[in-house]
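Student: File work_15.cif below, mmCIF, C-alpha atoms:
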```cif
data_query
#
loop_
_atom_site.label_atom_id
_atom_site.label_comp_id
_atom_site.auth_asym_id
_atom_site.auth_seq_id
_atom_site.Cartn_x
_atom_site.Cartn_y
_atom_site.Cartn_z
CA MET A 6 -86.45 -53.46 -89.67
CA LEU A 7 -85.85 -50.89 -86.95
CA ALA A 8 -84.37 -53.58 -84.71
CA ILE A 9 -82.01 -54.73 -87.51
CA ARG A 10 -80.76 -51.17 -88.19
CA THR A 11 -80.20 -50.65 -84.47
CA ARG A 12 -78.11 -53.80 -84.20
CA ARG A 13 -76.03 -52.74 -87.24
CA ARG A 14 -75.34 -49.32 -85.72
CA LYS A 15 -74.17 -50.98 -82.48
CA ALA A 16 -71.88 -53.29 -84.41
CA VAL A 17 -70.27 -50.34 -86.20
CA VAL A 18 -69.80 -48.46 -82.93
CA LEU A 19 -68.20 -51.49 -81.27
CA ALA A 20 -65.89 -52.10 -84.22
CA THR A 21 -64.80 -48.45 -84.24
CA ALA A 22 -64.14 -48.57 -80.47
CA ALA A 23 -62.00 -51.67 -80.89
CA VAL A 24 -59.88 -49.98 -83.56
CA LEU A 25 -59.39 -46.90 -81.37
CA ALA A 26 -58.48 -49.08 -78.38
CA GLY A 27 -55.89 -50.83 -80.49
CA LEU A 28 -54.37 -47.51 -81.52
CA THR A 29 -54.10 -46.25 -77.96
CA ALA A 30 -53.12 -49.52 -76.24
CA PRO A 31 -49.31 -49.01 -76.41
CA SER A 32 -49.51 -45.90 -74.24
CA LEU A 33 -51.02 -48.03 -71.46
CA THR A 34 -48.27 -50.66 -71.56
CA ALA A 35 -45.05 -50.49 -69.47
CA SER A 36 -42.20 -49.36 -71.67
CA PRO A 37 -39.40 -51.83 -72.43
CA ALA A 38 -36.94 -49.50 -70.65
CA THR A 39 -38.90 -49.73 -67.39
CA ALA A 40 -39.09 -53.49 -67.62
CA THR A 41 -35.35 -53.73 -68.29
CA THR A 42 -34.51 -51.48 -65.36
CA THR A 43 -36.57 -53.61 -63.01
CA THR A 44 -34.82 -56.77 -64.17
CA THR A 45 -31.39 -55.19 -63.75
CA ASN A 46 -32.17 -53.99 -60.24
CA THR A 47 -33.40 -57.43 -59.28
CA ALA A 48 -30.21 -58.98 -60.60
CA ASN A 49 -28.06 -56.50 -58.71
CA THR A 50 -29.98 -57.18 -55.51
CA ALA A 51 -29.51 -60.89 -55.97
CA ASN A 52 -25.78 -60.46 -56.54
CA THR A 53 -25.47 -58.34 -53.39
CA ALA A 54 -27.45 -60.86 -51.38
CA THR A 55 -25.15 -63.73 -52.40
CA THR A 56 -21.85 -61.88 -51.96
CA ASN A 57 -21.52 -62.75 -48.28
CA THR A 58 -22.24 -66.42 -48.89
CA ASP A 59 -19.77 -66.91 -51.73
CA TYR A 60 -17.38 -68.67 -49.34
CA ASP A 61 -19.92 -71.00 -47.71
CA ASP A 62 -19.04 -73.95 -49.93
CA THR A 63 -15.30 -73.44 -49.50
CA TYR A 64 -13.90 -71.30 -46.69
CA TYR A 65 -16.80 -71.80 -44.26
CA LYS A 66 -17.86 -75.29 -45.32
CA ASP A 67 -16.97 -76.84 -41.93
CA ALA A 68 -19.03 -74.24 -40.04
CA ILE A 69 -22.22 -74.19 -42.09
CA GLY A 70 -25.21 -75.60 -40.20
CA LYS A 71 -23.60 -75.36 -36.76
CA THR A 72 -24.60 -73.15 -33.83
CA GLY A 73 -23.37 -72.22 -30.36
CA ALA A 74 -20.09 -73.60 -29.08
CA SER A 75 -19.75 -75.92 -32.07
CA LEU A 76 -19.97 -72.98 -34.48
CA LYS A 77 -17.50 -70.95 -32.44
CA SER A 78 -15.01 -73.83 -32.37
CA SER A 79 -15.27 -74.40 -36.13
CA LEU A 80 -14.83 -70.72 -36.91
CA HIS A 81 -11.82 -70.54 -34.58
CA THR A 82 -10.13 -73.35 -36.50
CA ILE A 83 -10.94 -71.75 -39.85
CA ILE A 84 -9.77 -68.20 -39.10
CA SER A 85 -6.69 -69.25 -37.13
CA ASP A 86 -5.07 -70.23 -40.43
CA GLN A 87 -3.61 -66.83 -41.23
CA THR A 88 -0.50 -64.96 -42.26
CA LYS A 89 0.76 -62.82 -39.39
CA LEU A 90 2.15 -59.32 -39.81
CA SER A 91 4.82 -57.47 -37.89
CA TYR A 92 3.71 -54.34 -36.07
CA SER A 93 5.70 -52.14 -38.45
CA ALA A 94 4.03 -53.81 -41.45
CA VAL A 95 0.63 -52.79 -40.06
CA TRP A 96 1.23 -49.19 -41.18
CA ASP A 97 1.30 -50.04 -44.87
CA ALA A 98 -1.48 -52.61 -44.52
CA LEU A 99 -3.86 -50.05 -43.04
CA LYS A 100 -3.10 -47.64 -45.86
CA ALA A 101 -4.59 -50.26 -48.18
CA THR A 102 -7.38 -51.74 -46.07
CA ASP A 103 -8.78 -48.38 -44.97
CA GLU A 104 -8.12 -46.35 -48.09
CA ASP A 105 -10.66 -43.62 -48.79
CA PRO A 106 -12.62 -44.86 -51.85
CA ASP A 107 -12.93 -41.24 -53.01
CA ASN A 108 -9.27 -40.29 -52.47
CA SER A 109 -6.58 -42.93 -52.90
CA GLY A 110 -4.08 -40.76 -51.06
CA ASN A 111 -6.08 -40.85 -47.82
CA VAL A 112 -7.40 -43.28 -45.22
CA ILE A 113 -10.72 -43.09 -43.37
CA LEU A 114 -10.26 -42.75 -39.62
CA LEU A 115 -12.42 -45.18 -37.66
CA TYR A 116 -13.95 -43.13 -34.86
CA SER A 117 -14.06 -39.68 -36.43
CA GLY A 118 -14.85 -40.67 -40.03
CA VAL A 119 -12.31 -38.08 -41.23
CA SER A 120 -10.38 -38.68 -44.45
CA ARG A 121 -6.70 -38.00 -43.75
CA SER A 122 -3.51 -38.25 -45.77
CA LYS A 123 -1.81 -41.64 -45.63
CA SER A 124 1.47 -39.85 -45.01
CA LEU A 125 0.21 -38.40 -41.71
CA ASN A 126 0.75 -41.61 -39.77
CA GLY A 127 2.59 -41.22 -36.50
CA GLY A 128 2.12 -40.08 -32.94
CA ASP A 129 1.75 -36.32 -33.10
CA THR A 130 -1.41 -34.24 -32.86
CA GLY A 131 -3.05 -34.26 -36.29
CA ASP A 132 -1.58 -37.66 -37.14
CA TRP A 133 -3.37 -40.98 -37.28
CA ASN A 134 -2.11 -44.07 -35.48
CA ARG A 135 -2.86 -47.77 -35.11
CA GLU A 136 -5.88 -48.23 -32.89
CA HIS A 137 -6.37 -51.62 -31.23
CA VAL A 138 -10.16 -51.91 -31.14
CA TRP A 139 -9.75 -54.78 -28.70
CA ALA A 140 -7.59 -52.72 -26.34
CA LYS A 141 -4.22 -54.45 -26.04
CA SER A 142 -4.20 -54.16 -22.25
CA HIS A 143 -7.32 -56.36 -22.15
CA GLY A 144 -5.29 -59.55 -22.24
CA ASP A 145 -1.85 -57.92 -22.01
CA PHE A 146 -0.79 -58.84 -25.56
CA GLY A 147 0.78 -55.48 -26.38
CA THR A 148 2.03 -55.24 -29.94
CA SER A 149 3.17 -58.86 -30.14
CA THR A 150 2.79 -60.57 -33.50
CA GLY A 151 -0.63 -62.15 -33.24
CA PRO A 152 -3.46 -60.26 -31.51
CA GLY A 153 -1.27 -57.18 -31.25
CA THR A 154 -0.83 -57.02 -35.03
CA ASP A 155 -4.10 -58.54 -36.27
CA ILE A 156 -5.44 -56.02 -38.76
CA HIS A 157 -8.96 -57.34 -38.48
CA HIS A 158 -9.15 -55.16 -35.35
CA LEU A 159 -6.41 -52.59 -36.00
CA ARG A 160 -7.75 -49.43 -37.62
CA PRO A 161 -6.50 -45.91 -38.37
CA SER A 162 -7.60 -43.44 -35.70
CA ASP A 163 -6.90 -39.80 -34.92
CA VAL A 164 -4.16 -39.71 -32.28
CA ARG A 165 -6.13 -37.57 -29.87
CA VAL A 166 -9.42 -39.44 -30.28
CA ASN A 167 -7.55 -42.72 -29.85
CA SER A 168 -6.15 -41.39 -26.57
CA VAL A 169 -9.64 -40.49 -25.37
CA ARG A 170 -10.84 -44.01 -26.09
CA GLY A 171 -7.80 -45.46 -24.32
CA ASN A 172 -8.59 -49.00 -23.12
CA LYS A 173 -12.23 -48.36 -22.25
CA ASP A 174 -14.90 -50.95 -22.85
CA PHE A 175 -17.79 -50.23 -25.21
CA ASP A 176 -21.20 -49.03 -24.04
CA ASN A 177 -23.83 -46.40 -24.79
CA GLY A 178 -23.73 -42.90 -23.36
CA GLY A 179 -21.37 -40.21 -22.18
CA SER A 180 -20.23 -36.81 -23.38
CA ALA A 181 -19.33 -35.88 -26.93
CA VAL A 182 -15.71 -36.52 -27.95
CA SER A 183 -14.25 -33.44 -29.61
CA GLY A 184 -13.44 -34.33 -33.21
CA GLY A 185 -14.90 -37.78 -32.66
CA GLY A 186 -17.54 -37.65 -35.36
CA GLY A 187 -20.35 -38.14 -32.87
CA SER A 188 -18.55 -40.57 -30.56
CA LEU A 189 -19.32 -40.38 -26.82
CA THR A 190 -17.33 -41.32 -23.74
CA ASP A 191 -17.53 -41.45 -19.96
CA SER A 192 -15.24 -42.71 -17.22
CA ASP A 193 -15.41 -46.39 -18.13
CA SER A 194 -16.77 -46.74 -21.66
CA PHE A 195 -16.66 -45.45 -25.21
CA GLU A 196 -19.47 -45.23 -27.78
CA PRO A 197 -18.28 -44.88 -31.40
CA ARG A 198 -20.18 -42.90 -34.01
CA ASP A 199 -23.29 -44.59 -35.35
CA ALA A 200 -21.82 -45.44 -38.76
CA VAL A 201 -19.20 -47.81 -37.30
CA LYS A 202 -20.90 -49.27 -34.24
CA GLY A 203 -21.52 -52.54 -36.05
CA ASP A 204 -17.95 -52.54 -37.38
CA VAL A 205 -16.61 -52.24 -33.84
CA ALA A 206 -18.88 -55.00 -32.57
CA ARG A 207 -17.88 -57.41 -35.34
CA MET A 208 -14.18 -56.74 -34.73
CA ILE A 209 -14.65 -57.55 -31.06
CA PHE A 210 -16.52 -60.76 -31.84
CA TYR A 211 -13.81 -61.76 -34.33
CA MET A 212 -11.13 -61.38 -31.65
CA ALA A 213 -13.14 -63.42 -29.13
CA VAL A 214 -13.31 -66.30 -31.61
CA ARG A 215 -9.81 -66.05 -33.07
CA TYR A 216 -7.92 -65.93 -29.75
CA GLU A 217 -9.00 -68.76 -27.49
CA GLY A 218 -5.86 -69.13 -25.37
CA GLY A 219 -4.32 -72.01 -27.27
CA ASP A 220 -1.51 -70.18 -29.04
CA GLY A 221 0.36 -68.58 -26.16
CA PHE A 222 -2.01 -65.61 -25.84
CA ALA A 223 -4.88 -64.99 -23.44
CA ASP A 224 -8.34 -66.40 -24.05
CA LEU A 225 -10.20 -63.25 -25.12
CA GLU A 226 -13.89 -63.16 -24.23
CA VAL A 227 -16.79 -60.72 -24.46
CA ASN A 228 -18.70 -60.21 -21.23
CA GLY A 229 -21.67 -58.26 -19.90
CA GLN A 230 -19.86 -55.48 -18.06
CA VAL A 231 -17.59 -52.49 -18.48
CA ASP A 232 -14.51 -51.38 -16.56
CA ASN A 233 -12.84 -54.76 -17.16
CA GLY A 234 -9.38 -53.31 -16.65
CA SER A 235 -6.53 -55.63 -17.66
CA ASN A 236 -8.64 -58.79 -17.68
CA PRO A 237 -8.86 -60.49 -21.10
CA TYR A 238 -12.48 -59.39 -21.41
CA ILE A 239 -14.35 -56.61 -23.17
CA GLY A 240 -17.95 -55.54 -22.78
CA LYS A 241 -20.68 -54.77 -22.99
CA LEU A 242 -22.04 -57.88 -24.67
CA SER A 243 -25.68 -56.81 -24.90
CA VAL A 244 -24.71 -53.45 -26.39
CA LEU A 245 -22.28 -54.94 -28.90
CA LYS A 246 -24.95 -57.39 -30.07
CA ALA A 247 -27.40 -54.51 -30.52
CA TRP A 248 -24.80 -52.54 -32.51
CA ASN A 249 -24.23 -55.55 -34.77
CA ASP A 250 -27.96 -55.60 -35.53
CA GLU A 251 -28.43 -51.85 -35.89
CA ASP A 252 -25.43 -51.24 -38.15
CA PRO A 253 -25.06 -54.11 -40.65
CA PRO A 254 -21.93 -54.45 -42.80
CA ASP A 255 -21.63 -51.80 -45.50
CA ALA A 256 -19.59 -51.78 -48.70
CA PHE A 257 -16.52 -50.27 -47.02
CA GLU A 258 -16.42 -52.93 -44.30
CA GLU A 259 -17.00 -55.76 -46.77
CA HIS A 260 -14.29 -54.44 -49.10
CA ARG A 261 -11.90 -54.17 -46.19
CA ASN A 262 -12.56 -57.78 -45.20
CA GLN A 263 -11.79 -58.85 -48.75
CA VAL A 264 -8.52 -56.90 -48.92
CA VAL A 265 -7.35 -58.43 -45.61
CA TYR A 266 -8.20 -61.86 -46.97
CA ASP A 267 -6.73 -61.44 -50.45
CA ASP A 268 -3.60 -59.42 -49.76
CA TYR A 269 -2.52 -59.68 -46.13
CA GLN A 270 -3.69 -62.20 -43.53
CA HIS A 271 -5.63 -64.55 -45.84
CA ASN A 272 -8.32 -65.06 -43.21
CA ARG A 273 -11.75 -63.48 -42.92
CA ASN A 274 -13.91 -61.90 -40.24
CA PRO A 275 -16.84 -64.32 -40.32
CA PHE A 276 -19.20 -61.84 -38.68
CA ILE A 277 -18.90 -59.48 -41.62
CA ASP A 278 -19.87 -62.32 -43.95
CA HIS A 279 -22.51 -63.69 -41.57
CA PRO A 280 -23.63 -61.12 -38.96
CA GLU A 281 -26.33 -63.55 -37.83
CA TRP A 282 -23.64 -65.83 -36.41
CA VAL A 283 -23.24 -63.39 -33.50
CA GLU A 284 -26.66 -64.37 -32.21
CA SER A 285 -25.93 -68.04 -32.94
CA ILE A 286 -22.87 -67.98 -30.64
CA TRP A 287 -23.81 -65.42 -28.00
#
```
For the file at hand, write its structure as structure tokens.
Tutor:
Amino acid sequence: MLAIRTRRRKAVVLATAAVLAGLTAPSLTASPATATTTTTNTANTANTATTNTDYDDTYYKDAIGKTGASLKSSLHTIISDQTKLSYSAVWDALKATDEDPDNSGNVILLYSGVSRSKSLNGGDTGDWNREHVWAKSHGDFGTSTGPGTDIHHLRPSDVRVNSVRGNKDFDNGGSAVSGGGGSLTDSDSFEPRDAVKGDVARMIFYMAVRYEGGDGFADLEVNGQVDNGSNPYIGKLSVLKAWNDEDPPDAFEEHRNQVVYDDYQHNRNPFIDHPEWVESIW
């Protein structure tokens, strides 16, 4: 009898524990809000990850799967189909492509990162002007319609900082550029601020693919040195490749690429869409 009573007491205790566990179980379960947030974040990440490949089945279809010289040749053919601007038209184009997302009346200056009024475009101290990231003397194309007006490498820059950069090649090191946002320079090279190092590299690689010498302009190439002078070369290749890796495309750069494509030149910088293609070619 004692054994039977003991078993009955245990059964009651277990049943009571089960009821209590059922009452408290919801507090141990992830709330629907948390689950929903996780799903939303995953969806947003997926959308971001596919943004740069949206054109693979259309715009880049003839380049997909290729590497090396074959990839470079295919990309050259693709991006050479473009609308060309006059040098005077570049002013208004840059006011759209480089608009400050937080102030529609301003543009963001490339090297300094300063937000400055769109109306302050010109050649005086305190103005911003049209910086040729691939220095126009490197290939002697000046401001001719073509490489001299290609807004994939023309960016707003403070007049004085632009003068300091001059036609120098790109490399690491040097002394701080006053008002340069962290940019450095020495006698034969210029190092832009960290936030746009990748931007600069991808503009240079775009130019080296777009202008191959077949349309009356010099064959622009990236090489492994600095102090290239007036030759149609810009370095330093190893540094530019590192910058492409260290500073991947951000929202501003991707938006700019889209505006150039949609509203102005109707061609894209493939290295913003596919930064990994730099390594595939060089």
Student: Under the PyMOL selection byres ((chain A and resi 131) around 12), which residues of this model are included? Write them out as a VMD selection string.
Tutor: chain A and resid 114 119 to 130 132 to 134 162 to 167 184
Student: So which residues get picked by the PyMOL selection byres ((chain A and resi 186) around 7) here, written as a list in words?
Tutor: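 Written out, the selection comes to Tyr116, Ser117, Gly118, Gly184, Gly185, Gly187, Ser188 and Arg198 of chain A.
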Student: Those residues with C-alpha atoms, as a PDB file, in the frame of the given file please?
Tutor:
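Result written to result.pdb:
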```pdb
ATOM      1  CA  TYR A 116     -13.950 -43.130 -34.860  1.00  0.00           C
ATOM      2  CA  SER A 117     -14.060 -39.680 -36.430  1.00  0.00           C
ATOM      3  CA  GLY A 118     -14.850 -40.670 -40.030  1.00  0.00           C
ATOM      4  CA  GLY A 184     -13.440 -34.330 -33.210  1.00  0.00           C
ATOM      5  CA  GLY A 185     -14.900 -37.780 -32.660  1.00  0.00           C
ATOM      6  CA  GLY A 187     -20.350 -38.140 -32.870  1.00  0.00           C
ATOM      7  CA  SER A 188     -18.550 -40.570 -30.560  1.00  0.00           C
ATOM      8  CA  ARG A 198     -20.180 -42.900 -34.010  1.00  0.00           C
TER       9      ARG A 198
END
```
Student: What is the distance between atom CA of A:Tyr269 and atom CA of A:Leu159, in Å to one decimal?
Tutor: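 Atom CA of A:Leu159 lies 13.0 Å from atom CA of A:Tyr269.
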Student: Hey, what's within 7 Å of stretch 207-210 of chain A if we count all atoms listed in the file and toss same-chain stuff fewer than 6 positions away? As an MDAnalysis selection string, please?
Tutor: chainID A and resid 139 157:158 249 276:277
Student: Which residues would end up in the selection if the PyMOL selection byres ((chain A and resi 254) around 10) were applied here, given that I need the answer as an NGL selection string?
Tutor: :A and (57 or 200-201 or 203-204 or 207 or 249-253 or 255-260 or 276-280)
Student: Excluding A:Gly151 and its own-chain neighbours fewer than 5 positions away, which residues fall within 9 Å of it when counting all atoms listed in the file? Please give them as a ChimeraX atom specification.
Tutor: /A:89-91,146,216,222
Student: What is the distance, in Å and to one decimal place, between atom CA of A:Val265 and atom CA of A:Glu104?
Tutor: 12.4 Å
Student: Around stretch 59-63 of chain A, fit a box with edges along x, y and z, padding it by 3 Å on each side, then list its centre and edge lengths in Å to one decimal as JSON.
Tutor:
```
{"center_x": -17.6, "center_y": -70.4, "center_z": -49.7, "size_x": 10.6, "size_y": 13.0, "size_z": 10.0}
```
Student: Restricting the calculation to all atoms listed in the file, which member of A:Lys246, A:Gly179, A:Thr63, A:Ala98 is positioned closest to A:Trp282?
Tutor: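 Distance minimum relative to A:Trp282 lands on A:Lys246.
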Student: Determine the nearest neighbour of A:Pro237 from the options A:Thr190, A:Asn108, A:Ser85, A:Ser142, counting all atoms listed in the file.
Tutor: A:Ser142
Student: One decimal, in Å: what's the spacing between atom CA of A:Gln230 and atom CA of A:Ser180?
Tutor: 19.4 Å
Student: When distances are computed from all atoms listed in the file, which of A:Val214, A:Ala94, A:Leu115, A:Leu189 shows the smallest separation from A:Thr82?
Tutor: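 Closest to A:Thr82, using all atoms listed in the file: A:Val214.
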